[in-house]
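Undergrad: Mind looking over this structure? Questions follow.
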Amino acid sequence: MQRFSRRNFLGWIAGAAALVVSAGFQAGIFEWHVWAVIGVAGLVVLAYFVFRANEQVRHARRLKEFAEQHGWAYRAEGNDLVAGLAGFPFGTGSSRAAEDVVEGNYSGLAVASYTYTYDNQVAGEYAGEQVFTITQATLAARFPRLDLVPEDMGTRVLSPFGLADIDLESAEFNRKWRVLSADKRYAIDVVDPRMMQVLLRGHQQGVAVRIEGARVIAWSAGVGHVRDLARRMDLVAGVAKAIPAHVVRKYTELDAQRRAEEVAREANAPGWASTPGVLNSGRYTGIGTDADGDGVDDWEQRSR
C-alpha cells in the first residue's frame, strides 16, 4: 500500500533509531563506540518528536482558522470517527488515534477531515509512527466495501488487499484507477459511467477512495495541507452523490430490513437479556430463541 510521505518516512527513520537505542541498552555493551551510536540514534528520535510537535501545532492552527472562517467545528480528538473501520490504513499498528478534526456540512452532506496515526511495532518495540489524512462523507445507507485506488498507488495495493483489479469498460478509467471489491457485480453496479467521470475529474495523486458502511472515505499518506481540503471534500461528496440510485435503493431497503429485524428481536428479547446487573451488551442477539424463531426462551430452562 502507498505509505510514502515526508512525515511517514521520517517516522520510519525515528522508529529505526528507537530500535537501535533499545537494542544498544539491552546488549549491555557500553564501550565508547556503542555509546556514540546510541547517542546519535537518541538525537534522531528527539529531533523527530520535536519536528512532529511543531508540525502538529502549525497544522492545528490552520485547521482552527479554516473552521472559524467556514462556520465549521474543530476538535483535537475524534476516535469515534474511525470506530468500526478496518482495512489499511485502519485496524493496524498500535496507539491508533484520530486527531485535529474539522467537521461540518459540505454540499448537503455531513463531512469530516482528520489526521489518523498509528505506531508500528517490531518485537513489541516502537518502530515508527505512520500518519494519514482522512476525509469522509456520511451516507444515508450502509454499503459493502469498495476500494478505488489511483494507478499511481495501484502497483502497491494489490498484495495487502488480496484482491484482483476489476477492469471496467472505460480504457481511460482503467489507466487512472483500480477497482477492488470482493463482489465484482456490486463494483460494476457502483462504478457506472457517471461515477467514472466523478473519479476521473477528482483524481488526486496518492489519494484513494473507499466506500464502506455509511461512509465515503478519501485517504492518503502524510499530513494533508489545508489548501487541499476543498478538493478532498469535492471528491468524497461527488462520490457519495454519484452512487447509482438503484444501488442506493437496494442497500437502503436492506438497511431498513436489518433495523426492523433488530427492533423485532429487541421486542422479543427475554428478560435476562436486558436485566440490569446482568453481564450483557444491552442488545439482544437472538440467543435463546428456538429454531422456528418464535421467540420462545429455552435458555433459562437449559441453564437451570
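How things are named: the first chain in the C-alpha cells is A, the next is B, and so on; residues count from 1 in each chain; ligands count from 1 in the order shown.
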Please return as a PyMOL selection string: the residues of segment 35-228 of chain A that backbone DSSP assigns to alpha helix (DSSP H).

TA: chain A and resi 35-70+151-154+158-161+171-176+184-190+193-202

Undergrad: Please produce a file of the residues just selected, as an mmCIF file, in the first residue's frame, where the atoms kept are C-alpha atoms.

TA:
data_model
loop_
_atom_site.group_PDB
_atom_site.id
_atom_site.type_symbol
_atom_site.label_atom_id
_atom_site.label_comp_id
_atom_site.auth_asym_id
_atom_site.auth_seq_id
_atom_site.Cartn_x
_atom_site.Cartn_y
_atom_site.Cartn_z
ATOM 1 C CA TRP A 35 27.580 4.915 23.319
ATOM 2 C CA ALA A 36 28.250 7.066 20.247
ATOM 3 C CA VAL A 37 25.776 5.076 18.124
ATOM 4 C CA ILE A 38 23.163 5.142 20.893
ATOM 5 C CA GLY A 39 23.677 8.881 21.338
ATOM 6 C CA VAL A 40 23.241 9.638 17.629
ATOM 7 C CA ALA A 41 20.152 7.422 17.446
ATOM 8 C CA GLY A 42 18.713 9.138 20.513
ATOM 9 C CA LEU A 43 19.225 12.552 18.925
ATOM 10 C CA VAL A 44 17.440 11.362 15.766
ATOM 11 C CA VAL A 45 14.440 10.233 17.836
ATOM 12 C CA LEU A 46 14.409 13.523 19.768
ATOM 13 C CA ALA A 47 14.651 15.566 16.541
ATOM 14 C CA TYR A 48 11.723 13.647 15.044
ATOM 15 C CA PHE A 49 9.448 14.285 18.003
ATOM 16 C CA VAL A 50 10.373 17.994 18.024
ATOM 17 C CA PHE A 51 9.582 18.177 14.293
ATOM 18 C CA ARG A 52 6.321 16.259 14.844
ATOM 19 C CA ALA A 53 5.199 18.561 17.657
ATOM 20 C CA ASN A 54 5.945 21.716 15.649
ATOM 21 C CA GLU A 55 4.176 20.387 12.556
ATOM 22 C CA GLN A 56 1.121 19.392 14.574
ATOM 23 C CA VAL A 57 0.875 22.828 16.219
ATOM 24 C CA ARG A 58 1.045 24.570 12.818
ATOM 25 C CA HIS A 59 -1.473 22.170 11.258
ATOM 26 C CA ALA A 60 -3.925 22.533 14.158
ATOM 27 C CA ARG A 61 -3.712 26.329 13.936
ATOM 28 C CA ARG A 62 -4.505 26.267 10.200
ATOM 29 C CA LEU A 63 -7.452 23.920 10.743
ATOM 30 C CA LYS A 64 -8.871 26.112 13.513
ATOM 31 C CA GLU A 65 -8.659 29.116 11.211
ATOM 32 C CA PHE A 66 -10.375 27.146 8.439
ATOM 33 C CA ALA A 67 -13.169 26.070 10.815
ATOM 34 C CA GLU A 68 -13.720 29.627 12.056
ATOM 35 C CA GLN A 69 -13.854 31.035 8.516
ATOM 36 C CA HIS A 70 -16.382 28.464 7.300
ATOM 37 C CA GLU A 151 -2.999 3.829 -10.552
ATOM 38 C CA ASP A 152 -0.017 5.666 -9.032
ATOM 39 C CA MET A 153 -0.751 3.629 -5.896
ATOM 40 C CA GLY A 154 -2.112 0.568 -7.663
ATOM 41 C CA LEU A 158 -2.972 -5.493 -4.683
ATOM 42 C CA SER A 159 -0.881 -7.552 -2.264
ATOM 43 C CA PRO A 160 -2.154 -6.014 1.011
ATOM 44 C CA PHE A 161 -5.771 -6.148 -0.153
ATOM 45 C CA ALA A 171 -9.873 2.310 -21.014
ATOM 46 C CA GLU A 172 -9.196 5.844 -19.738
ATOM 47 C CA PHE A 173 -10.651 4.983 -16.338
ATOM 48 C CA ASN A 174 -8.694 1.708 -16.143
ATOM 49 C CA ARG A 175 -5.464 3.626 -16.779
ATOM 50 C CA LYS A 176 -6.178 6.038 -13.904
ATOM 51 C CA LYS A 184 -17.480 -7.885 -8.899
ATOM 52 C CA ARG A 185 -21.184 -7.371 -9.712
ATOM 53 C CA TYR A 186 -21.524 -4.810 -6.927
ATOM 54 C CA ALA A 187 -18.395 -2.962 -8.094
ATOM 55 C CA ILE A 188 -19.678 -2.782 -11.676
ATOM 56 C CA ASP A 189 -23.065 -1.504 -10.468
ATOM 57 C CA VAL A 190 -21.476 1.264 -8.363
ATOM 58 C CA PRO A 193 -20.168 5.926 -16.338
ATOM 59 C CA ARG A 194 -21.304 8.788 -14.070
ATOM 60 C CA MET A 195 -19.153 7.563 -11.180
ATOM 61 C CA MET A 196 -16.200 7.142 -13.547
ATOM 62 C CA GLN A 197 -16.487 10.784 -14.587
ATOM 63 C CA VAL A 198 -16.557 11.932 -10.952
ATOM 64 C CA LEU A 199 -13.421 9.889 -10.176
ATOM 65 C CA LEU A 200 -11.574 10.992 -13.306
ATOM 66 C CA ARG A 201 -12.392 14.628 -12.573
ATOM 67 C CA GLY A 202 -11.475 14.293 -8.885
#

Undergrad: May I have the residues within 9 Å of Ala237 of chain A as a ChimeraX atom specification, using only C-alpha atoms and disregarding those fewer than 3 positions away in the same chain?

TA: /A:106-109,111,136-138,216,232-234,240-242
